[in-house]
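*Asks:* PDB, N, CA and C atoms, file my_file_25.pdb:
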ATOM      1  N   MET A   1      -5.599  50.740  46.507
ATOM      2  CA  MET A   1      -5.911  50.281  45.159
ATOM      3  C   MET A   1      -6.140  48.776  45.183
ATOM      4  N   SER A   2      -7.193  48.370  44.586
ATOM      5  CA  SER A   2      -7.536  46.956  44.542
ATOM      6  C   SER A   2      -6.824  46.269  43.386
ATOM      7  N   TRP A   3      -6.357  45.052  43.604
ATOM      8  CA  TRP A   3      -5.679  44.288  42.555
ATOM      9  C   TRP A   3      -6.669  43.468  41.743
ATOM     10  N   GLN A   4      -7.933  43.535  42.095
ATOM     11  CA  GLN A   4      -8.944  42.821  41.324
ATOM     12  C   GLN A   4      -9.099  43.459  39.957
ATOM     13  N   ILE A   5      -9.374  42.621  38.960
ATOM     14  CA  ILE A   5      -9.643  43.155  37.633
ATOM     15  C   ILE A   5     -11.118  43.525  37.567
ATOM     16  N   THR A   6     -11.375  44.791  37.346
ATOM     17  CA  THR A   6     -12.755  45.248  37.261
ATOM     18  C   THR A   6     -13.285  44.979  35.860
ATOM     19  N   GLY A   7     -14.558  45.184  35.687
ATOM     20  CA  GLY A   7     -15.157  45.004  34.373
ATOM     21  C   GLY A   7     -14.565  45.951  33.345
ATOM     22  N   LEU A   8     -14.304  47.190  33.747
ATOM     23  CA  LEU A   8     -13.729  48.158  32.814
ATOM     24  C   LEU A   8     -12.311  47.765  32.420
ATOM     25  N   ARG A   9     -11.514  47.327  33.394
ATOM     26  CA  ARG A   9     -10.154  46.884  33.081
ATOM     27  C   ARG A   9     -10.167  45.710  32.114
ATOM     28  N   ALA A  10     -11.040  44.747  32.357
ATOM     29  CA  ALA A  10     -11.130  43.583  31.473
ATOM     30  C   ALA A  10     -11.562  44.024  30.074
ATOM     31  N   TRP A  11     -12.500  44.935  30.002
ATOM     32  CA  TRP A  11     -12.981  45.423  28.709
ATOM     33  C   TRP A  11     -11.850  46.125  27.950
ATOM     34  N   ILE A  12     -11.095  46.987  28.652
ATOM     35  CA  ILE A  12      -9.994  47.704  28.007
ATOM     36  C   ILE A  12      -8.910  46.722  27.573
ATOM     37  N   THR A  13      -8.587  45.768  28.423
ATOM     38  CA  THR A  13      -7.581  44.760  28.075
ATOM     39  C   THR A  13      -8.012  43.983  26.835
ATOM     40  N   GLN A  14      -9.280  43.609  26.787
ATOM     41  CA  GLN A  14      -9.805  42.863  25.642
ATOM     42  C   GLN A  14      -9.690  43.696  24.365
ATOM     43  N   ARG A  15     -10.030  44.970  24.441
ATOM     44  CA  ARG A  15      -9.983  45.827  23.251
ATOM     45  C   ARG A  15      -8.557  46.101  22.808
ATOM     46  N   LEU A  16      -7.652  46.366  23.766
ATOM     47  CA  LEU A  16      -6.255  46.625  23.412
ATOM     48  C   LEU A  16      -5.595  45.384  22.806
ATOM     49  N   SER A  17      -5.884  44.216  23.361
ATOM     50  CA  SER A  17      -5.313  43.003  22.782
ATOM     51  C   SER A  17      -5.870  42.761  21.383
ATOM     52  N   ALA A  18      -7.129  43.119  21.148
ATOM     53  CA  ALA A  18      -7.707  42.985  19.813
ATOM     54  C   ALA A  18      -7.025  43.926  18.822
ATOM     55  N   VAL A  19      -6.708  45.134  19.258
ATOM     56  CA  VAL A  19      -6.011  46.096  18.389
ATOM     57  C   VAL A  19      -4.614  45.583  18.051
ATOM     58  N   VAL A  20      -3.912  45.036  19.045
ATOM     59  CA  VAL A  20      -2.584  44.467  18.797
ATOM     60  C   VAL A  20      -2.690  43.300  17.819
ATOM     61  N   LEU A  21      -3.667  42.422  18.034
ATOM     62  CA  LEU A  21      -3.858  41.285  17.128
ATOM     63  C   LEU A  21      -4.131  41.760  15.707
ATOM     64  N   LEU A  22      -4.958  42.764  15.550
ATOM     65  CA  LEU A  22      -5.281  43.269  14.220
ATOM     66  C   LEU A  22      -4.066  43.914  13.562
ATOM     67  N   GLY A  23      -3.419  44.817  14.265
ATOM     68  CA  GLY A  23      -2.297  45.544  13.682
ATOM     69  C   GLY A  23      -1.136  44.635  13.318
ATOM     70  N   LEU A  24      -0.699  43.821  14.272
ATOM     71  CA  LEU A  24       0.427  42.939  13.990
ATOM     72  C   LEU A  24       0.044  41.811  13.042
ATOM     73  N   GLY A  25      -1.215  41.392  13.107
ATOM     74  CA  GLY A  25      -1.679  40.375  12.155
ATOM     75  C   GLY A  25      -1.622  40.884  10.724
ATOM     76  N   LEU A  26      -2.061  42.116  10.519
ATOM     77  CA  LEU A  26      -1.971  42.707   9.175
ATOM     78  C   LEU A  26      -0.522  42.860   8.743
ATOM     79  N   TYR A  27       0.349  43.222   9.684
ATOM     80  CA  TYR A  27       1.773  43.329   9.364
ATOM     81  C   TYR A  27       2.323  41.969   8.913
ATOM     82  N   LEU A  28       2.020  40.910   9.670
ATOM     83  CA  LEU A  28       2.540  39.589   9.297
ATOM     84  C   LEU A  28       1.947  39.090   7.982
ATOM     85  N   ILE A  29       0.704  39.419   7.719
ATOM     86  CA  ILE A  29       0.109  39.053   6.427
ATOM     87  C   ILE A  29       0.838  39.775   5.307
ATOM     88  N   ALA A  30       1.173  41.049   5.511
ATOM     89  CA  ALA A  30       1.917  41.806   4.500
ATOM     90  C   ALA A  30       3.308  41.206   4.285
ATOM     91  N   VAL A  31       3.987  40.831   5.376
ATOM     92  CA  VAL A  31       5.307  40.200   5.254
ATOM     93  C   VAL A  31       5.184  38.888   4.501
ATOM     94  N   TRP A  32       4.173  38.099   4.848
ATOM     95  CA  TRP A  32       3.953  36.823   4.170
ATOM     96  C   TRP A  32       3.687  37.042   2.677
ATOM     97  N   ALA A  33       2.882  38.041   2.347
ATOM     98  CA  ALA A  33       2.582  38.317   0.934
ATOM     99  C   ALA A  33       3.830  38.791   0.195
ATOM    100  N   TRP A  34       4.684  39.534   0.882
ATOM    101  CA  TRP A  34       5.902  40.052   0.247
ATOM    102  C   TRP A  34       6.916  38.924   0.030
ATOM    103  N   ILE A  35       7.131  38.111   1.069
ATOM    104  CA  ILE A  35       8.130  37.039   0.991
ATOM    105  C   ILE A  35       7.564  35.800   0.312
ATOM    106  N   HIS A  36       6.321  35.507   0.565
ATOM    107  CA  HIS A  36       5.606  34.357   0.027
ATOM    108  C   HIS A  36       6.388  33.054   0.208
ATOM    109  N   PRO A  37       6.578  32.638   1.458
ATOM    110  CA  PRO A  37       7.352  31.420   1.719
ATOM    111  C   PRO A  37       6.593  30.174   1.275
ATOM    112  N   GLU A  38       7.255  29.324   0.530
ATOM    113  CA  GLU A  38       6.607  28.106   0.038
ATOM    114  C   GLU A  38       7.207  26.841   0.633
ATOM    115  N   THR A  39       8.362  26.946   1.262
ATOM    116  CA  THR A  39       9.000  25.781   1.866
ATOM    117  C   THR A  39       9.162  26.020   3.355
ATOM    118  N   TYR A  40       9.467  24.941   4.056
ATOM    119  CA  TYR A  40       9.700  25.062   5.493
ATOM    120  C   TYR A  40      10.873  25.989   5.765
ATOM    121  N   ALA A  41      11.920  25.878   4.975
ATOM    122  CA  ALA A  41      13.097  26.732   5.174
ATOM    123  C   ALA A  41      12.736  28.211   5.001
ATOM    124  N   ALA A  42      11.885  28.514   4.038
ATOM    125  CA  ALA A  42      11.468  29.903   3.819
ATOM    126  C   ALA A  42      10.617  30.400   4.985
ATOM    127  N   TRP A  43       9.700  29.565   5.494
ATOM    128  CA  TRP A  43       8.902  29.926   6.660
ATOM    129  C   TRP A  43       9.810  30.152   7.869
ATOM    130  N   HIS A  44      10.761  29.243   8.047
ATOM    131  CA  HIS A  44      11.685  29.342   9.174
ATOM    132  C   HIS A  44      12.486  30.639   9.095
ATOM    133  N   ALA A  45      12.939  30.986   7.907
ATOM    134  CA  ALA A  45      13.698  32.223   7.728
ATOM    135  C   ALA A  45      12.818  33.444   7.995
ATOM    136  N   MET A  46      11.566  33.382   7.562
ATOM    137  CA  MET A  46      10.664  34.512   7.769
ATOM    138  C   MET A  46      10.407  34.730   9.260
ATOM    139  N   VAL A  47      10.081  33.664   9.980
ATOM    140  CA  VAL A  47       9.788  33.791  11.403
ATOM    141  C   VAL A  47      11.074  34.025  12.194
ATOM    142  N   GLY A  48      12.205  33.571  11.655
ATOM    143  CA  GLY A  48      13.470  33.737  12.334
ATOM    144  C   GLY A  48      14.032  35.143  12.277
ATOM    145  N   ALA A  49      13.533  35.960  11.367
ATOM    146  CA  ALA A  49      13.974  37.354  11.300
ATOM    147  C   ALA A  49      13.492  38.083  12.554
ATOM    148  N   PRO A  50      14.281  39.019  13.076
ATOM    149  CA  PRO A  50      13.933  39.648  14.358
ATOM    150  C   PRO A  50      12.573  40.350  14.387
ATOM    151  N   VAL A  51      12.257  41.128  13.382
ATOM    152  CA  VAL A  51      11.003  41.903  13.447
ATOM    153  C   VAL A  51       9.776  41.005  13.253
ATOM    154  N   PRO A  52       9.707  40.174  12.202
ATOM    155  CA  PRO A  52       8.534  39.292  12.097
ATOM    156  C   PRO A  52       8.437  38.296  13.251
ATOM    157  N   GLY A  53       9.574  37.802  13.725
ATOM    158  CA  GLY A  53       9.547  36.880  14.863
ATOM    159  C   GLY A  53       9.054  37.561  16.128
ATOM    160  N   GLY A  54       9.532  38.788  16.355
ATOM    161  CA  GLY A  54       9.046  39.549  17.511
ATOM    162  C   GLY A  54       7.564  39.852  17.396
ATOM    163  N   ALA A  55       7.118  40.173  16.179
ATOM    164  CA  ALA A  55       5.686  40.416  15.964
ATOM    165  C   ALA A  55       4.883  39.150  16.238
ATOM    166  N   ALA A  56       5.410  38.009  15.812
ATOM    167  CA  ALA A  56       4.722  36.741  16.062
ATOM    168  C   ALA A  56       4.630  36.463  17.561
ATOM    169  N   LEU A  57       5.699  36.746  18.299
ATOM    170  CA  LEU A  57       5.661  36.569  19.755
ATOM    171  C   LEU A  57       4.631  37.491  20.402
ATOM    172  N   LEU A  58       4.600  38.750  19.970
ATOM    173  CA  LEU A  58       3.624  39.689  20.523
ATOM    174  C   LEU A  58       2.196  39.274  20.181
ATOM    175  N   ILE A  59       1.988  38.799  18.962
ATOM    176  CA  ILE A  59       0.652  38.325  18.576
ATOM    177  C   ILE A  59       0.246  37.153  19.446
ATOM    178  N   PHE A  60       1.167  36.221  19.639
ATOM    179  CA  PHE A  60       0.840  35.049  20.441
ATOM    180  C   PHE A  60       0.508  35.444  21.874
ATOM    181  N   GLY A  61       1.294  36.360  22.455
ATOM    182  CA  GLY A  61       1.003  36.835  23.802
ATOM    183  C   GLY A  61      -0.329  37.562  23.884
ATOM    184  N   ALA A  62      -0.614  38.402  22.894
ATOM    185  CA  ALA A  62      -1.887  39.123  22.869
ATOM    186  C   ALA A  62      -3.054  38.154  22.708
ATOM    187  N   LEU A  63      -2.857  37.108  21.906
ATOM    188  CA  LEU A  63      -3.905  36.112  21.712
ATOM    189  C   LEU A  63      -4.201  35.369  23.010
ATOM    190  N   LEU A  64      -3.148  34.998  23.734
ATOM    191  CA  LEU A  64      -3.355  34.315  25.013
ATOM    192  C   LEU A  64      -4.051  35.227  26.028
ATOM    193  N   LEU A  65      -3.649  36.488  26.088
ATOM    194  CA  LEU A  65      -4.287  37.443  26.987
ATOM    195  C   LEU A  65      -5.754  37.661  26.600
ATOM    196  N   HIS A  66      -6.006  37.812  25.310
ATOM    197  CA  HIS A  66      -7.368  38.008  24.798
ATOM    198  C   HIS A  66      -8.246  36.806  25.167
ATOM    199  N   CYS A  67      -7.695  35.622  24.983
ATOM    200  CA  CYS A  67      -8.427  34.396  25.315
ATOM    201  C   CYS A  67      -8.699  34.310  26.814
ATOM    202  N   TRP A  68      -7.693  34.630  27.633
ATOM    203  CA  TRP A  68      -7.867  34.569  29.084
ATOM    204  C   TRP A  68      -8.996  35.484  29.534
ATOM    205  N   VAL A  69      -8.977  36.727  29.084
ATOM    206  CA  VAL A  69      -9.991  37.689  29.523
ATOM    207  C   VAL A  69     -11.377  37.253  29.050
ATOM    208  N   GLY A  70     -11.488  36.834  27.804
ATOM    209  CA  GLY A  70     -12.795  36.451  27.271
ATOM    210  C   GLY A  70     -13.378  35.224  27.941
ATOM    211  N   VAL A  71     -12.602  34.157  28.037
ATOM    212  CA  VAL A  71     -13.119  32.920  28.633
ATOM    213  C   VAL A  71     -13.315  33.103  30.136
ATOM    214  N   ARG A  72     -12.426  33.862  30.789
ATOM    215  CA  ARG A  72     -12.572  34.150  32.209
ATOM    216  C   ARG A  72     -13.903  34.861  32.483
ATOM    217  N   ASP A  73     -14.229  35.832  31.651
ATOM    218  CA  ASP A  73     -15.486  36.550  31.839
ATOM    219  C   ASP A  73     -16.696  35.640  31.644
ATOM    220  N   VAL A  74     -16.623  34.764  30.662
ATOM    221  CA  VAL A  74     -17.734  33.821  30.445
ATOM    222  C   VAL A  74     -17.882  32.901  31.650
ATOM    223  N   ILE A  75     -16.767  32.386  32.153
ATOM    224  CA  ILE A  75     -16.825  31.509  33.331
ATOM    225  C   ILE A  75     -17.385  32.264  34.534
ATOM    226  N   LEU A  76     -16.894  33.477  34.766
ATOM    227  CA  LEU A  76     -17.382  34.244  35.912
ATOM    228  C   LEU A  76     -18.859  34.599  35.781
ATOM    229  N   ASP A  77     -19.326  34.817  34.558
ATOM    230  CA  ASP A  77     -20.725  35.197  34.358
ATOM    231  C   ASP A  77     -21.688  34.021  34.441
ATOM    232  N   TYR A  78     -21.268  32.837  33.985
ATOM    233  CA  TYR A  78     -22.225  31.754  33.813
ATOM    234  C   TYR A  78     -22.033  30.555  34.744
ATOM    235  N   VAL A  79     -20.900  30.446  35.399
ATOM    236  CA  VAL A  79     -20.690  29.324  36.321
ATOM    237  C   VAL A  79     -20.943  29.835  37.732
ATOM    238  N   ARG A  80     -22.004  29.350  38.357
ATOM    239  CA  ARG A  80     -22.412  29.853  39.671
ATOM    240  C   ARG A  80     -21.674  29.172  40.814
ATOM    241  N   SER A  81     -21.322  27.913  40.658
ATOM    242  CA  SER A  81     -20.638  27.187  41.719
ATOM    243  C   SER A  81     -19.202  27.707  41.846
ATOM    244  N   LYS A  82     -18.854  28.180  43.045
ATOM    245  CA  LYS A  82     -17.522  28.750  43.244
ATOM    246  C   LYS A  82     -16.427  27.703  43.086
ATOM    247  N   SER A  83     -16.689  26.492  43.534
ATOM    248  CA  SER A  83     -15.665  25.453  43.414
ATOM    249  C   SER A  83     -15.455  25.060  41.948
ATOM    250  N   LEU A  84     -16.542  24.919  41.195
ATOM    251  CA  LEU A  84     -16.407  24.602  39.774
ATOM    252  C   LEU A  84     -15.747  25.761  39.023
ATOM    253  N   ARG A  85     -16.098  26.969  39.403
ATOM    254  CA  ARG A  85     -15.486  28.154  38.791
ATOM    255  C   ARG A  85     -13.974  28.160  39.020
ATOM    256  N   LEU A  86     -13.568  27.847  40.241
ATOM    257  CA  LEU A  86     -12.143  27.800  40.566
ATOM    258  C   LEU A  86     -11.422  26.718  39.752
ATOM    259  N   VAL A  87     -12.039  25.556  39.646
ATOM    260  CA  VAL A  87     -11.436  24.464  38.876
ATOM    261  C   VAL A  87     -11.313  24.861  37.408
ATOM    262  N   LEU A  88     -12.357  25.446  36.847
ATOM    263  CA  LEU A  88     -12.327  25.841  35.437
ATOM    264  C   LEU A  88     -11.307  26.943  35.175
ATOM    265  N   LEU A  89     -11.222  27.917  36.068
ATOM    266  CA  LEU A  89     -10.240  28.991  35.903
ATOM    267  C   LEU A  89      -8.816  28.459  36.038
ATOM    268  N   ALA A  90      -8.598  27.529  36.963
ATOM    269  CA  ALA A  90      -7.269  26.927  37.121
ATOM    270  C   ALA A  90      -6.908  26.109  35.881
ATOM    271  N   ALA A  91      -7.872  25.339  35.364
ATOM    272  CA  ALA A  91      -7.617  24.550  34.162
ATOM    273  C   ALA A  91      -7.313  25.458  32.970
ATOM    274  N   LEU A  92      -8.057  26.544  32.854
ATOM    275  CA  LEU A  92      -7.817  27.503  31.768
ATOM    276  C   LEU A  92      -6.436  28.127  31.898
ATOM    277  N   ALA A  93      -6.063  28.517  33.121
ATOM    278  CA  ALA A  93      -4.750  29.124  33.339
ATOM    279  C   ALA A  93      -3.632  28.135  33.001
ATOM    280  N   LEU A  94      -3.784  26.893  33.408
ATOM    281  CA  LEU A  94      -2.768  25.881  33.090
ATOM    282  C   LEU A  94      -2.682  25.637  31.588
ATOM    283  N   TRP A  95      -3.826  25.545  30.944
ATOM    284  CA  TRP A  95      -3.860  25.294  29.500
ATOM    285  C   TRP A  95      -3.223  26.455  28.733
ATOM    286  N   LEU A  96      -3.583  27.683  29.079
ATOM    287  CA  LEU A  96      -3.010  28.840  28.390
ATOM    288  C   LEU A  96      -1.527  28.993  28.707
ATOM    289  N   SER A  97      -1.113  28.671  29.924
ATOM    290  CA  SER A  97       0.307  28.713  30.263
ATOM    291  C   SER A  97       1.083  27.696  29.443
ATOM    292  N   GLY A  98       0.522  26.498  29.315
ATOM    293  CA  GLY A  98       1.159  25.472  28.482
ATOM    294  C   GLY A  98       1.267  25.911  27.038
ATOM    295  N   LEU A  99       0.205  26.513  26.525
ATOM    296  CA  LEU A  99       0.256  27.033  25.153
ATOM    297  C   LEU A  99       1.298  28.135  25.018
ATOM    298  N   GLY A 100       1.415  28.976  26.041
ATOM    299  CA  GLY A 100       2.400  30.047  26.012
ATOM    300  C   GLY A 100       3.820  29.511  25.973
ATOM    301  N   VAL A 101       4.094  28.498  26.792
ATOM    302  CA  VAL A 101       5.426  27.885  26.789
ATOM    303  C   VAL A 101       5.696  27.234  25.436
ATOM    304  N   TRP A 102       4.726  26.482  24.939
ATOM    305  CA  TRP A 102       4.890  25.812  23.648
ATOM    306  C   TRP A 102       5.105  26.819  22.522
ATOM    307  N   GLY A 103       4.248  27.821  22.438
ATOM    308  CA  GLY A 103       4.368  28.817  21.377
ATOM    309  C   GLY A 103       5.656  29.613  21.475
ATOM    310  N   GLY A 104       6.042  29.956  22.689
ATOM    311  CA  GLY A 104       7.290  30.672  22.878
ATOM    312  C   GLY A 104       8.487  29.848  22.430
ATOM    313  N   ARG A 105       8.472  28.562  22.761
ATOM    314  CA  ARG A 105       9.572  27.688  22.335
ATOM    315  C   ARG A 105       9.625  27.570  20.818
ATOM    316  N   VAL A 106       8.479  27.449  20.182
ATOM    317  CA  VAL A 106       8.450  27.319  18.721
ATOM    318  C   VAL A 106       8.985  28.586  18.065
ATOM    319  N   ILE A 107       8.468  29.737  18.475
ATOM    320  CA  ILE A 107       8.858  31.003  17.824
ATOM    321  C   ILE A 107      10.299  31.361  18.172
ATOM    322  N   LEU A 108      10.666  31.249  19.458
ATOM    323  CA  LEU A 108      12.041  31.554  19.827
ATOM    324  C   LEU A 108      13.016  30.563  19.230
ATOM    325  N   GLY A 109      12.589  29.303  19.091
ATOM    326  CA  GLY A 109      13.440  28.300  18.447
ATOM    327  C   GLY A 109      13.735  28.665  16.998
ATOM    328  N   ALA A 110      12.769  29.256  16.330
ATOM    329  CA  ALA A 110      12.996  29.686  14.946
ATOM    330  C   ALA A 110      13.875  30.920  14.887
ATOM    331  N   MET A 111      13.793  31.754  15.930
ATOM    332  CA  MET A 111      14.554  32.998  15.924
ATOM    333  C   MET A 111      16.016  32.771  16.326
ATOM    334  N   LEU A 112      16.300  31.723  17.068
ATOM    335  CA  LEU A 112      17.675  31.496  17.550
ATOM    336  C   LEU A 112      18.452  30.583  16.639
TER     337      LEU A 112
END
Represent the structure contained in this file as C-alpha coordinates.
*Replies:*
Amino acid sequence: MSWQITGLRAWITQRLSAVVLLGLGLYLIAVWAWIHPETYAAWHAMVGAPVPGGAALLIFGALLLHCWVGVRDVILDYVRSKSLRLVLLAALALWLSGLGVWGGRVILGAML
(Lines of atoms letter the chains of each structure in order from A and count residues from 1; the text may use other names and numbers.)
(Lines give C-alpha, C1' and ligand atoms only; values in the text may rest on other atoms or scores of the structure.)
Protein backbone atom coordinates (compact mmCIF):
# COMPACT_ATOMS: atom_id res chain seq x y z
CA MET A 1 0.00 0.00 0.00
CA SER A 2 1.34 3.37 -0.97
CA TRP A 3 1.38 6.19 1.58
CA GLN A 4 1.06 8.78 -1.16
CA ILE A 5 -2.17 10.73 -1.25
CA THR A 6 -3.86 9.96 -4.53
CA GLY A 7 -6.19 12.30 -6.33
CA LEU A 8 -9.22 10.33 -5.14
CA ARG A 9 -8.06 10.40 -1.52
CA ALA A 10 -7.50 14.15 -1.69
CA TRP A 11 -10.92 14.64 -3.29
CA ILE A 12 -12.65 12.54 -0.60
CA THR A 13 -10.75 14.31 2.18
CA GLN A 14 -11.74 17.68 0.72
CA ARG A 15 -15.42 16.69 0.52
CA LEU A 16 -15.54 15.13 4.00
CA SER A 17 -13.90 18.16 5.57
CA ALA A 18 -16.43 20.37 3.76
CA VAL A 19 -19.30 18.30 5.19
CA VAL A 20 -17.83 18.61 8.70
CA LEU A 21 -17.41 22.37 8.23
CA LEU A 22 -21.00 22.72 7.05
CA GLY A 23 -22.59 20.53 9.71
CA LEU A 24 -20.68 21.84 12.70
CA GLY A 25 -20.79 25.38 11.35
CA LEU A 26 -24.58 25.24 11.24
CA TYR A 27 -24.59 23.80 14.75
CA LEU A 28 -22.42 26.66 16.08
CA ILE A 29 -24.57 29.23 14.29
CA ALA A 30 -27.64 27.70 15.97
CA VAL A 31 -25.91 27.81 19.38
CA TRP A 32 -24.90 31.41 18.76
CA ALA A 33 -28.47 32.33 17.76
CA TRP A 34 -29.85 30.58 20.85
CA ILE A 35 -27.37 32.08 23.34
CA HIS A 36 -26.73 35.33 21.46
CA PRO A 37 -23.56 36.34 23.31
CA GLU A 38 -23.04 40.09 23.37
CA THR A 39 -20.07 40.40 25.74
CA TYR A 40 -16.67 38.79 25.89
CA ALA A 41 -17.71 36.88 29.00
CA ALA A 42 -20.74 35.46 27.18
CA TRP A 43 -18.59 34.43 24.18
CA HIS A 44 -16.06 32.87 26.54
CA ALA A 45 -18.80 30.93 28.32
CA MET A 46 -20.26 29.75 25.01
CA VAL A 47 -16.94 28.50 23.64
CA GLY A 48 -15.95 27.20 27.07
CA ALA A 49 -18.87 24.77 27.19
CA PRO A 50 -17.72 21.24 26.27
CA VAL A 51 -19.93 20.60 23.24
CA PRO A 52 -19.65 23.99 21.47
CA GLY A 53 -15.94 24.15 22.33
CA GLY A 54 -15.37 20.66 20.98
CA ALA A 55 -17.32 21.58 17.85
CA ALA A 56 -15.16 24.67 17.45
CA LEU A 57 -12.01 22.54 17.75
CA LEU A 58 -13.31 20.08 15.16
CA ILE A 59 -14.26 22.92 12.81
CA PHE A 60 -10.83 24.45 13.17
CA GLY A 61 -9.13 21.11 12.47
CA ALA A 62 -11.38 20.45 9.48
CA LEU A 63 -10.68 23.95 8.17
CA LEU A 64 -6.92 23.43 8.40
CA LEU A 65 -7.19 20.03 6.68
CA HIS A 66 -9.47 21.49 3.97
CA CYS A 67 -7.01 24.33 3.40
CA TRP A 68 -4.02 21.96 3.26
CA VAL A 69 -5.59 19.70 0.65
CA GLY A 70 -6.85 22.57 -1.50
CA VAL A 71 -3.71 24.71 -1.52
CA ARG A 72 -1.50 21.61 -1.80
CA ASP A 73 -3.35 20.55 -4.93
CA VAL A 74 -3.02 24.01 -6.47
CA ILE A 75 0.72 24.04 -5.73
CA LEU A 76 1.19 20.54 -7.14
CA ASP A 77 -0.81 21.39 -10.26
CA TYR A 78 0.67 24.78 -11.11
CA VAL A 79 4.20 24.99 -9.69
CA ARG A 80 6.52 23.08 -12.03
CA SER A 81 9.83 23.67 -10.25
CA LYS A 82 10.33 20.88 -7.72
CA SER A 83 12.49 23.00 -5.45
CA LEU A 84 9.98 25.88 -5.41
CA ARG A 85 7.17 23.38 -4.88
CA LEU A 86 9.00 21.93 -1.88
CA VAL A 87 9.61 25.38 -0.39
CA LEU A 88 5.97 26.39 -0.87
CA LEU A 89 4.63 23.15 0.61
CA ALA A 90 6.98 23.46 3.60
CA ALA A 91 5.94 27.08 4.13
CA LEU A 92 2.27 26.10 3.91
CA ALA A 93 2.78 23.25 6.37
CA LEU A 94 4.57 25.53 8.83
CA TRP A 95 1.94 28.25 8.49
CA LEU A 96 -0.98 25.84 8.97
CA SER A 97 0.80 24.16 11.89
CA GLY A 98 1.28 27.55 13.52
CA LEU A 99 -2.38 28.36 12.99
CA GLY A 100 -3.31 25.00 14.47
CA VAL A 101 -1.26 25.61 17.60
CA TRP A 102 -2.63 29.14 17.94
CA GLY A 103 -6.25 28.12 17.38
CA GLY A 104 -5.95 25.15 19.68
CA ARG A 105 -4.53 27.33 22.44
CA VAL A 106 -7.31 29.89 22.04
CA ILE A 107 -10.16 27.35 22.03
CA LEU A 108 -8.68 25.09 24.70
CA GLY A 109 -7.83 28.14 26.79
CA ALA A 110 -11.50 29.09 26.76
CA MET A 111 -12.55 25.55 27.61
CA LEU A 112 -10.18 25.14 30.59
*Asks:* Given all atoms listed in the file as the basis, pick out the residue of A:Gly104, A:Trp11, A:Ala90, A:Gly109 nearest to A:Phe60.
*Replies:*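 When distances to A:Phe60 are compared using all atoms listed in the file, the smallest one comes from A:Gly104.
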*Asks:* Counting only C-alpha atoms, select every polymer residue within 6 Å of (-6.8, 40.2, 24.1) as defined in the file's coordinates, and provide the selection as a list in words.
*Replies:* Gln14, Ser17, Ala18, Ala62, Leu63, Leu65 and His66 of chain A
*Asks:* Just checking: using all atoms listed in the file, which residue out of A:Gly100, A:Leu84, A:Ala30, A:Arg9 ends up closest to A:Gly61?
*Replies:*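 Using all atoms listed in the file, A:Gly61 sits closest to A:Gly100.
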*Asks:* Excluding same-chain residues fewer than 6 positions from A:Pro52, what lies within 8 Å of it counting only N, CA and C atoms, as JSON, numbers by chain?
*Replies:* {"A": [27, 28, 31, 46, 58]}
*Asks:* As an exercise, work out the distance from atom N of A:Leu108 to atom CA of A:Trp43 in Å and give it to one decimal place.
*Replies:*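 Interatomic distance here is 13.0 Å.
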*Asks:* What's the separation between atom CA of A:Pro50 and atom CA of A:Val69, in Å to one decimal place?
*Replies:*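 Separation of atom CA of A:Pro50 and atom CA of A:Val69: 28.4 Å.
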*Asks:* Nearest residue to A:Leu99 out of A:Ala10, A:Leu112, A:Leu24, A:Leu64, using all atoms listed in the file?
*Replies:*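 Checking each candidate against A:Leu99, we get A:Leu64 as the closest.
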*Asks:* Convert the output of the PyMOL selection byres (((chain A and resi 89 and name CA) around 12) and name CA) on the shown file into explicit residues, formatted as number ranges by chain.
*Replies:* A: 68-76, 79, 82-88, 90-97
